[in-house]
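Enquirer: Contents of upload.txt (compact mmCIF, C-alpha atoms and all ligand atoms) are given next:
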```txt
# COMPACT_ATOMS: atom_id res chain seq x y z
CA MET A 1403 -9.84 -34.59 10.33
CA PRO A 1404 -10.80 -35.19 6.68
CA CYS A 1405 -8.17 -35.00 3.95
CA CYS A 1406 -7.57 -31.71 2.30
CA ILE A 1407 -6.96 -31.34 -1.42
CA THR A 1408 -5.25 -28.08 -2.29
CA PRO A 1409 -4.56 -27.65 -6.03
CA SER A 1410 -1.44 -25.72 -7.04
CA ILE A 1411 -2.06 -23.07 -9.69
CA LEU A 1412 1.62 -23.05 -10.73
CA ASN A 1413 1.05 -25.09 -13.86
CA SER A 1414 -2.35 -23.63 -14.71
CA ASP A 1415 -2.99 -20.82 -17.18
CA LEU A 1416 -1.18 -18.00 -15.36
CA ALA A 1417 -2.72 -15.41 -17.69
CA ASP A 1418 -6.16 -16.33 -16.35
CA LEU A 1419 -5.65 -17.03 -12.66
CA ALA A 1420 -9.10 -15.87 -11.59
CA GLY A 1421 -10.65 -18.15 -14.22
CA GLN A 1422 -8.56 -21.10 -13.01
CA LEU A 1423 -9.95 -20.73 -9.49
CA LYS A 1424 -13.46 -21.27 -10.86
CA ARG A 1425 -12.34 -24.71 -12.11
CA ILE A 1426 -11.59 -25.98 -8.58
CA HIS A 1427 -14.67 -25.00 -6.57
CA GLY A 1428 -14.67 -28.29 -4.68
CA ALA A 1429 -11.11 -27.93 -3.40
CA ASP A 1430 -10.40 -27.23 0.26
CA SER A 1431 -8.01 -24.39 -0.52
CA VAL A 1432 -5.82 -23.08 -3.33
CA HIS A 1433 -2.05 -23.60 -3.15
CA VAL A 1434 -0.11 -20.57 -4.37
CA ASP A 1435 3.62 -21.03 -5.02
CA VAL A 1436 5.68 -17.89 -4.46
CA MET A 1437 9.26 -18.17 -5.78
CA ASP A 1438 11.97 -15.50 -5.73
CA ASN A 1439 14.64 -16.92 -8.08
CA HIS A 1440 17.03 -17.15 -5.10
CA PHE A 1441 15.75 -19.87 -2.80
CA VAL A 1442 14.71 -21.78 -5.93
CA PRO A 1443 15.76 -21.25 -9.57
CA ASN A 1444 12.38 -19.96 -10.69
CA LEU A 1445 10.32 -16.79 -10.39
CA THR A 1446 6.54 -16.82 -10.11
CA LEU A 1447 4.37 -14.21 -8.43
CA GLY A 1448 4.27 -12.20 -5.25
CA LEU A 1449 2.13 -10.21 -2.87
CA PRO A 1450 0.41 -7.84 -5.35
CA VAL A 1451 -0.90 -10.77 -7.40
CA VAL A 1452 -1.99 -12.64 -4.26
CA GLU A 1453 -3.83 -9.55 -3.01
CA SER A 1454 -5.66 -9.18 -6.33
CA LEU A 1455 -6.51 -12.85 -6.53
CA ARG A 1456 -7.86 -12.78 -2.97
CA ARG A 1457 -10.76 -10.64 -4.18
CA HIS A 1458 -11.76 -13.24 -6.80
CA THR A 1459 -12.49 -16.27 -4.64
CA ASP A 1460 -13.78 -17.49 -1.28
CA LEU A 1461 -11.37 -20.43 -1.32
CA PRO A 1462 -8.88 -20.31 1.55
CA PHE A 1463 -5.34 -19.42 0.43
CA ASP A 1464 -2.52 -21.86 1.13
CA ILE A 1465 0.60 -19.84 0.41
CA HIS A 1466 3.89 -21.70 -0.16
CA LEU A 1467 6.81 -19.31 0.09
CA MET A 1468 9.93 -20.60 -1.66
CA ILE A 1469 11.87 -17.43 -0.91
CA GLU A 1470 14.87 -16.18 1.03
CA ASP A 1471 14.23 -14.22 4.21
CA PRO A 1472 10.67 -15.39 4.95
CA ASP A 1473 11.07 -13.78 8.41
CA ARG A 1474 10.73 -10.47 6.61
CA TRP A 1475 8.16 -11.28 3.91
CA ALA A 1476 5.83 -13.98 5.25
CA PRO A 1477 3.88 -11.76 7.71
CA GLN A 1478 2.67 -9.59 4.81
CA TYR A 1479 0.80 -12.58 3.36
CA ALA A 1480 -0.94 -13.10 6.70
CA GLU A 1481 -1.83 -9.40 6.74
CA ALA A 1482 -3.27 -9.81 3.23
CA GLY A 1483 -5.77 -12.33 4.63
CA CYS A 1484 -4.12 -15.59 3.57
CA GLU A 1485 -5.43 -18.38 5.78
CA SER A 1486 -2.22 -20.44 5.78
CA VAL A 1487 1.36 -19.30 5.19
CA THR A 1488 4.18 -21.80 4.68
CA PHE A 1489 7.83 -20.80 5.03
CA HIS A 1490 10.86 -23.02 4.39
CA VAL A 1491 12.82 -23.88 7.51
CA GLU A 1492 16.05 -23.85 5.47
CA ALA A 1493 15.48 -20.14 4.77
CA ALA A 1494 14.03 -18.96 8.07
CA THR A 1495 16.26 -17.33 10.66
CA ALA A 1496 13.85 -17.62 13.58
CA PRO A 1497 11.10 -20.15 12.72
CA ILE A 1498 9.49 -20.05 16.17
CA ARG A 1499 9.27 -16.27 16.23
CA LEU A 1500 7.93 -16.32 12.66
CA ALA A 1501 5.27 -18.95 13.45
CA ARG A 1502 4.11 -16.89 16.43
CA GLU A 1503 4.01 -13.73 14.33
CA LEU A 1504 1.87 -15.48 11.67
CA HIS A 1505 -0.54 -16.59 14.41
CA ARG A 1506 -0.66 -13.09 15.86
CA LEU A 1507 -1.68 -11.82 12.41
CA GLY A 1508 -4.46 -14.41 12.15
CA SER A 1509 -2.92 -16.94 9.77
CA ARG A 1510 -2.11 -20.62 10.21
CA ALA A 1511 1.64 -21.24 10.42
CA SER A 1512 3.20 -23.96 8.30
CA MET A 1513 6.84 -25.01 7.93
CA ALA A 1514 8.23 -26.67 4.80
CA LEU A 1515 11.18 -29.03 4.41
CA ARG A 1516 13.07 -29.82 1.21
CA PRO A 1517 13.32 -33.54 0.42
CA ALA A 1518 16.84 -33.78 1.89
CA THR A 1519 16.04 -31.89 5.12
CA PRO A 1520 15.35 -34.23 8.05
CA ILE A 1521 12.41 -33.61 10.37
CA GLU A 1522 14.16 -34.77 13.54
CA PRO A 1523 16.07 -31.52 14.34
CA TYR A 1524 12.70 -29.71 14.30
CA ALA A 1525 10.65 -32.25 16.26
CA ASP A 1526 10.42 -29.99 19.31
CA LEU A 1527 9.02 -27.03 17.42
CA VAL A 1528 6.14 -28.70 15.56
CA THR A 1529 3.89 -27.78 18.50
CA GLU A 1530 4.27 -24.17 17.29
CA LEU A 1531 2.82 -25.10 13.89
CA ASP A 1532 -0.52 -25.91 12.29
CA GLN A 1533 1.09 -27.83 9.47
CA VAL A 1534 4.36 -29.36 8.26
CA LEU A 1535 4.89 -29.41 4.48
CA LEU A 1536 7.12 -32.22 3.26
CA MET A 1537 8.34 -31.58 -0.29
CA THR A 1538 8.14 -34.71 -2.42
CA VAL A 1539 10.13 -33.10 -5.27
CA GLU A 1540 12.94 -30.57 -5.18
CA PRO A 1541 11.06 -27.25 -4.97
CA GLY A 1542 11.01 -24.92 -7.96
CA PHE A 1543 8.92 -26.47 -10.70
CA GLY A 1544 5.65 -28.28 -11.26
CA GLY A 1545 5.40 -31.49 -13.22
CA GLN A 1546 8.30 -33.34 -11.59
CA LYS A 1547 8.39 -37.00 -10.64
CA PHE A 1548 7.38 -37.91 -7.09
CA LEU A 1549 10.28 -38.89 -4.81
CA ASP A 1550 9.41 -42.13 -3.02
CA LEU A 1551 12.42 -41.65 -0.75
CA VAL A 1552 10.40 -39.07 1.22
CA LEU A 1553 7.81 -41.67 2.32
CA PRO A 1554 9.72 -42.77 5.47
CA LYS A 1555 9.99 -39.12 6.53
CA ILE A 1556 6.22 -38.75 6.18
CA ALA A 1557 5.76 -41.70 8.53
CA ARG A 1558 8.30 -40.33 11.03
CA THR A 1559 6.63 -36.92 10.94
CA ARG A 1560 3.23 -38.53 11.56
CA GLU A 1561 4.67 -40.21 14.66
CA ILE A 1562 6.16 -36.93 15.92
CA VAL A 1563 2.80 -35.20 15.37
CA ARG A 1564 0.89 -38.04 17.05
CA ARG A 1565 3.03 -37.70 20.17
CA THR A 1566 2.16 -34.00 20.47
CA GLY A 1567 -1.56 -34.80 20.74
CA GLN A 1568 -2.22 -31.69 18.62
CA GLN A 1569 -4.02 -31.36 15.29
CA ILE A 1570 -1.10 -30.60 12.99
CA GLY A 1571 -1.52 -31.23 9.27
CA ILE A 1572 1.09 -33.07 7.22
CA GLN A 1573 1.09 -31.69 3.70
CA VAL A 1574 2.85 -33.29 0.74
CA ASP A 1575 3.73 -31.28 -2.36
CA GLY A 1576 5.22 -32.43 -5.66
CA GLY A 1577 4.28 -35.19 -8.07
CA VAL A 1578 1.07 -36.04 -6.22
CA ASN A 1579 -1.39 -37.89 -8.47
CA LEU A 1580 -3.98 -40.69 -8.25
CA ASP A 1581 -1.17 -43.20 -7.83
CA THR A 1582 1.26 -41.48 -5.45
CA ILE A 1583 -1.45 -39.97 -3.21
CA VAL A 1584 -2.20 -43.46 -1.91
CA ARG A 1585 1.39 -44.00 -0.76
CA CYS A 1586 1.44 -40.56 0.88
CA ALA A 1587 -1.84 -41.14 2.71
CA GLU A 1588 -0.73 -44.58 3.91
CA ALA A 1589 2.48 -43.04 5.25
CA GLY A 1590 0.46 -40.46 7.21
CA ALA A 1591 -0.06 -37.36 5.06
CA ASP A 1592 -3.47 -35.68 5.20
CA VAL A 1593 -3.09 -32.51 3.11
CA PHE A 1594 -2.32 -32.99 -0.56
CA VAL A 1595 -1.06 -30.43 -3.07
CA ALA A 1596 -1.61 -31.41 -6.69
CA GLY A 1597 -0.75 -29.19 -9.63
CA THR A 1598 -0.32 -31.07 -12.86
CA ALA A 1599 -2.69 -33.84 -11.79
CA VAL A 1600 -5.53 -31.33 -11.32
CA PHE A 1601 -4.92 -28.70 -13.98
CA GLY A 1602 -3.71 -31.22 -16.55
CA ALA A 1603 -6.99 -33.14 -16.20
CA ASP A 1604 -9.91 -32.60 -18.58
CA ASP A 1605 -12.14 -31.97 -15.57
CA PRO A 1606 -10.12 -30.46 -12.67
CA GLU A 1607 -13.15 -30.50 -10.38
CA ALA A 1608 -13.67 -34.25 -10.90
CA MET A 1609 -9.95 -34.86 -10.35
CA VAL A 1610 -10.08 -33.07 -6.99
CA GLU A 1611 -12.88 -35.42 -5.95
CA ALA A 1612 -11.07 -38.50 -7.30
CA LEU A 1613 -7.92 -37.58 -5.36
CA ARG A 1614 -9.99 -37.09 -2.21
CA GLN A 1615 -11.61 -40.51 -2.64
CA LYS A 1616 -8.25 -42.21 -3.16
CA ALA A 1617 -6.69 -40.62 -0.08
CA SER A 1618 -9.69 -41.30 2.14
CA SER A 1619 -9.92 -44.94 1.12
CA CYS A 1620 -6.50 -45.90 2.46
CA GLU A 1621 -6.88 -48.39 5.26
CA PHE A 1622 -3.90 -47.06 7.21
CA SER A 1623 -4.28 -43.52 6.02
CA GLY A 1624 -3.47 -40.55 8.22
CA CYS A 1625 -6.87 -39.21 7.09
CA ALA A 1626 -9.11 -42.13 7.96
CA GLY A 1627 -11.00 -41.94 11.22
CA ARG A 1628 -9.29 -38.80 12.41
C1 LIG B 1701 6.95 -27.06 -6.67
C2 LIG B 1701 5.72 -26.47 -6.07
C3 LIG B 1701 4.54 -27.34 -6.18
C4 LIG B 1701 4.15 -27.69 -7.59
C5 LIG B 1701 3.35 -28.94 -7.59
O1 LIG B 1701 8.08 -26.44 -6.16
O2 LIG B 1701 5.89 -26.19 -4.69
O3 LIG B 1701 3.42 -26.81 -5.48
O4 LIG B 1701 3.42 -26.70 -8.23
O5 LIG B 1701 3.08 -29.29 -8.90
P1 LIG B 1701 2.95 -30.81 -9.35
O6 LIG B 1701 1.76 -31.37 -8.65
O7 LIG B 1701 2.83 -30.74 -10.81
O8 LIG B 1701 4.23 -31.51 -8.89
ZN ZN B 1702 4.09 -25.73 -3.50
```
Kindly transcribe the structure held in the file into structure tokens.
Ligand code: DX5
Ligand code: ZN

Expert:
Amino acid sequence: MPCCITPSILNSDLADLAGQLKRIHGADSVHVDVMDNHFVPNLTLGLPVVESLRRHTDLPFDIHLMIEDPDRWAPQYAEAGCESVTFHVEAATAPIRLARELHRLGSRASMALRPATPIEPYADLVTELDQVLLMTVEPGFGGQKFLDLVLPKIARTREIVRRTGQQIGIQVDGGVNLDTIVRCAEAGADVFVAGTAVFGADDPEAMVEALRQKASSCEFSGCAGR
């Protein structure tokens, strides 16, 4: 499976979201951060904005829900036609039931972990998922410094996924740039969210390609030859 680059629009010009999507044509999907000011200390956008934005692009939507009670809210994003919906395991009451519900509604199911949440208690349920998102900053804000301490968890998650024999993506989110993407890819990540790195660049489109090249060139990368 080739690497996926999924730019986060959180730190782009939020007054011109449709215009921002035109700057990342070459991306594999667009990462949309939904925050409720409860699960994280920040408030962004919700379903009505996602539904409007959906009509402005053919890019697949990679929704990252940083909200309480995703069991209640996440299915509505699948119903809105979002291709992938990520919920946080720390907030979900019934992650298996929720993953199955997202599948029933036609979306990919993805489960996120904060930096301090271990993967091991959830090893047996990754077979229910299409993707595991490992946060590489504390969720809530763009532009934070990458946490190298998450790298061993990426490697352990890759091993858990390998043992399942299934195609399950490992997404990293937070502080991903031309430097840190290499360490993530070598540890086993294959889906990369980048906000500031992409939208802070003079040419976001070229940055998406540069990030893809960096990740794909890693000798021991989770992307290479898969
Ligand atoms: C943070 C969000 C991230 C963020 C990434 O809680 O989930 O998606 O926008 O932005 P950068 O790449 O700037 O860390
Ligand atoms: Zn995110």

Enquirer: Residues up to 9 Å from ligand ZN 1702 (chain B), counting all atoms listed in the file: could you list those as a PyMOL selection string?

Expert: chain A and resi 1410+1412+1433-1436+1464-1468+1535+1537+1541-1544+1574-1576+1595-1597

Enquirer: From the list A:Arg1425, A:Pro1520, A:His1505, A:Thr1559, which residue is nearest Asp1604 in chain A when using only C-alpha atoms?

Expert: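 Closest candidate: A:Arg1425.
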
Enquirer: Give the answer as one residue: which of A:Thr1408, A:Thr1582, A:Thr1488, A:Thr1495 has the shortest atom-to-atom distance to Ser1431 in chain A, using all atoms listed in the file?

Expert: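 Closest to Ser1431 in chain A of all the choices is A:Thr1408.
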
Enquirer: Looking at A:Arg1564, A:Arg1614, A:His1490, A:Arg1585, which one is nearest to ligand LIG 1701 (chain B), with distances taken over only C-alpha atoms and all ligand atoms?

Expert: A:His1490

Enquirer: With only C-alpha atoms and all ligand atoms as the atoms that count, which of A:Val1539, A:Ala1589, A:Leu1445, A:Cys1620 lies nearest to ligand LIG 1701 (chain B)?

Expert: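 Ranked by minimum distance to ligand LIG 1701 (chain B), first place goes to A:Val1539.
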
Enquirer: What is the CA of Leu1613 in chain A-CA of Val1593 in chain A distance in Å, reported with one decimal?

Expert: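 We find that CA of Leu1613 in chain A and CA of Val1593 in chain A lie 11.0 Å from each other.
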
Enquirer: Report as a ChimeraX atom specification all protein, DNA and RNA residues lying within 12 Å of Ala1599 in chain A, evaluated on all atoms listed in the file, omitting residues in the same chain fewer than 5 positions from it.

Expert: /A:1407-1414,1544-1548,1575-1583,1594,1604-1613

Enquirer: Could the residues in this selection be written to a file with C-alpha atoms, as a PDB file, in the frame of the given file?

Expert:
```
ATOM      1  CA  ILE A1407      -6.960 -31.340  -1.420  1.00  0.00           C
ATOM      2  CA  THR A1408      -5.250 -28.080  -2.290  1.00  0.00           C
ATOM      3  CA  PRO A1409      -4.560 -27.650  -6.030  1.00  0.00           C
ATOM      4  CA  SER A1410      -1.440 -25.720  -7.040  1.00  0.00           C
ATOM      5  CA  ILE A1411      -2.060 -23.070  -9.690  1.00  0.00           C
ATOM      6  CA  LEU A1412       1.620 -23.050 -10.730  1.00  0.00           C
ATOM      7  CA  ASN A1413       1.050 -25.090 -13.860  1.00  0.00           C
ATOM      8  CA  SER A1414      -2.350 -23.630 -14.710  1.00  0.00           C
ATOM      9  CA  GLY A1544       5.650 -28.280 -11.260  1.00  0.00           C
ATOM     10  CA  GLY A1545       5.400 -31.490 -13.220  1.00  0.00           C
ATOM     11  CA  GLN A1546       8.300 -33.340 -11.590  1.00  0.00           C
ATOM     12  CA  LYS A1547       8.390 -37.000 -10.640  1.00  0.00           C
ATOM     13  CA  PHE A1548       7.380 -37.910  -7.090  1.00  0.00           C
ATOM     14  CA  ASP A1575       3.730 -31.280  -2.360  1.00  0.00           C
ATOM     15  CA  GLY A1576       5.220 -32.430  -5.660  1.00  0.00           C
ATOM     16  CA  GLY A1577       4.280 -35.190  -8.070  1.00  0.00           C
ATOM     17  CA  VAL A1578       1.070 -36.040  -6.220  1.00  0.00           C
ATOM     18  CA  ASN A1579      -1.390 -37.890  -8.470  1.00  0.00           C
ATOM     19  CA  LEU A1580      -3.980 -40.690  -8.250  1.00  0.00           C
ATOM     20  CA  ASP A1581      -1.170 -43.200  -7.830  1.00  0.00           C
ATOM     21  CA  THR A1582       1.260 -41.480  -5.450  1.00  0.00           C
ATOM     22  CA  ILE A1583      -1.450 -39.970  -3.210  1.00  0.00           C
ATOM     23  CA  PHE A1594      -2.320 -32.990  -0.560  1.00  0.00           C
ATOM     24  CA  ASP A1604      -9.910 -32.600 -18.580  1.00  0.00           C
ATOM     25  CA  ASP A1605     -12.140 -31.970 -15.570  1.00  0.00           C
ATOM     26  CA  PRO A1606     -10.120 -30.460 -12.670  1.00  0.00           C
ATOM     27  CA  GLU A1607     -13.150 -30.500 -10.380  1.00  0.00           C
ATOM     28  CA  ALA A1608     -13.670 -34.250 -10.900  1.00  0.00           C
ATOM     29  CA  MET A1609      -9.950 -34.860 -10.350  1.00  0.00           C
ATOM     30  CA  VAL A1610     -10.080 -33.070  -6.990  1.00  0.00           C
ATOM     31  CA  GLU A1611     -12.880 -35.420  -5.950  1.00  0.00           C
ATOM     32  CA  ALA A1612     -11.070 -38.500  -7.300  1.00  0.00           C
ATOM     33  CA  LEU A1613      -7.920 -37.580  -5.360  1.00  0.00           C
TER      34      LEU A1613
END
```

Enquirer: Using only C-alpha atoms for the distances, tell me which of A:Pro1443, A:Pro1404, A:Gly1602, A:Pro1462 is nearest to Ser1509 in chain A.

Expert: A:Pro1462

Enquirer: Quick one: range 1436-1447 of chain A with all heavy atoms, as a compact mmCIF listing (two decimals), in the frame of the given file?

Expert:
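What follows is the written file part35.txt:
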```txt
# COMPACT_ATOMS: atom_id res chain seq x y z
N VAL A 1436 4.94 -19.15 -4.31
CA VAL A 1436 5.68 -17.89 -4.46
C VAL A 1436 7.18 -18.22 -4.51
O VAL A 1436 7.71 -18.82 -3.57
CB VAL A 1436 5.38 -16.95 -3.27
CG1 VAL A 1436 6.22 -15.68 -3.36
CG2 VAL A 1436 3.89 -16.61 -3.23
N MET A 1437 7.83 -17.86 -5.61
CA MET A 1437 9.26 -18.17 -5.78
C MET A 1437 10.01 -16.89 -6.13
O MET A 1437 9.50 -16.05 -6.88
CB MET A 1437 9.46 -19.18 -6.90
CG MET A 1437 8.63 -20.45 -6.75
SD MET A 1437 9.05 -21.64 -8.03
CE MET A 1437 7.76 -22.88 -7.76
N ASP A 1438 11.24 -16.77 -5.61
CA ASP A 1438 11.97 -15.50 -5.73
C ASP A 1438 13.22 -15.58 -6.60
O ASP A 1438 14.00 -14.63 -6.64
CB ASP A 1438 12.34 -14.99 -4.34
CG ASP A 1438 13.36 -15.89 -3.64
OD1 ASP A 1438 13.67 -16.98 -4.17
OD2 ASP A 1438 13.84 -15.51 -2.56
N ASN A 1439 13.44 -16.73 -7.24
CA ASN A 1439 14.64 -16.92 -8.08
C ASN A 1439 15.93 -16.92 -7.27
O ASN A 1439 17.02 -16.80 -7.85
CB ASN A 1439 14.72 -15.86 -9.19
CG ASN A 1439 15.33 -16.43 -10.46
OD1 ASN A 1439 15.43 -17.64 -10.62
ND2 ASN A 1439 15.76 -15.57 -11.36
N HIS A 1440 15.84 -17.02 -5.95
CA HIS A 1440 17.03 -17.15 -5.10
C HIS A 1440 16.98 -18.44 -4.30
O HIS A 1440 17.88 -19.27 -4.39
CB HIS A 1440 17.15 -15.94 -4.16
CG HIS A 1440 17.48 -14.68 -4.89
ND1 HIS A 1440 18.75 -14.33 -5.24
CD2 HIS A 1440 16.68 -13.70 -5.38
CE1 HIS A 1440 18.74 -13.19 -5.90
NE2 HIS A 1440 17.49 -12.78 -5.99
N PHE A 1441 15.90 -18.62 -3.55
CA PHE A 1441 15.75 -19.87 -2.80
C PHE A 1441 15.57 -21.04 -3.75
O PHE A 1441 16.02 -22.15 -3.48
CB PHE A 1441 14.57 -19.77 -1.82
CG PHE A 1441 14.40 -21.00 -0.98
CD1 PHE A 1441 15.31 -21.28 0.04
CD2 PHE A 1441 13.36 -21.89 -1.20
CE1 PHE A 1441 15.18 -22.43 0.81
CE2 PHE A 1441 13.22 -23.03 -0.44
CZ PHE A 1441 14.13 -23.30 0.58
N VAL A 1442 14.88 -20.78 -4.85
CA VAL A 1442 14.71 -21.78 -5.93
C VAL A 1442 15.00 -21.10 -7.26
O VAL A 1442 14.87 -19.87 -7.37
CB VAL A 1442 13.26 -22.36 -5.95
CG1 VAL A 1442 13.01 -23.27 -4.76
CG2 VAL A 1442 12.23 -21.26 -6.02
N PRO A 1443 15.39 -21.87 -8.28
CA PRO A 1443 15.76 -21.25 -9.57
C PRO A 1443 14.55 -20.98 -10.45
O PRO A 1443 14.48 -21.42 -11.60
CB PRO A 1443 16.69 -22.30 -10.19
CG PRO A 1443 16.20 -23.59 -9.63
CD PRO A 1443 15.66 -23.31 -8.26
N ASN A 1444 13.58 -20.28 -9.93
CA ASN A 1444 12.38 -19.96 -10.69
C ASN A 1444 11.71 -18.75 -10.04
O ASN A 1444 11.89 -18.50 -8.85
CB ASN A 1444 11.42 -21.16 -10.70
CG ASN A 1444 10.36 -21.07 -11.79
OD1 ASN A 1444 10.36 -20.16 -12.61
ND2 ASN A 1444 9.44 -22.03 -11.80
N LEU A 1445 10.97 -18.02 -10.85
CA LEU A 1445 10.32 -16.79 -10.39
C LEU A 1445 8.85 -16.89 -10.75
O LEU A 1445 8.52 -17.18 -11.91
CB LEU A 1445 10.97 -15.61 -11.11
CG LEU A 1445 10.62 -14.19 -10.71
CD1 LEU A 1445 11.09 -13.90 -9.29
CD2 LEU A 1445 11.28 -13.22 -11.68
N THR A 1446 7.97 -16.68 -9.78
CA THR A 1446 6.54 -16.82 -10.11
C THR A 1446 5.80 -15.51 -9.87
O THR A 1446 5.82 -14.62 -10.70
CB THR A 1446 5.90 -17.98 -9.32
OG1 THR A 1446 6.14 -17.79 -7.92
CG2 THR A 1446 6.46 -19.31 -9.78
N LEU A 1447 5.18 -15.39 -8.73
CA LEU A 1447 4.37 -14.21 -8.43
C LEU A 1447 4.57 -13.84 -6.98
O LEU A 1447 5.15 -14.60 -6.20
CB LEU A 1447 2.91 -14.50 -8.75
CG LEU A 1447 2.33 -15.82 -8.20
CD1 LEU A 1447 1.92 -15.68 -6.75
CD2 LEU A 1447 1.13 -16.26 -9.03
```
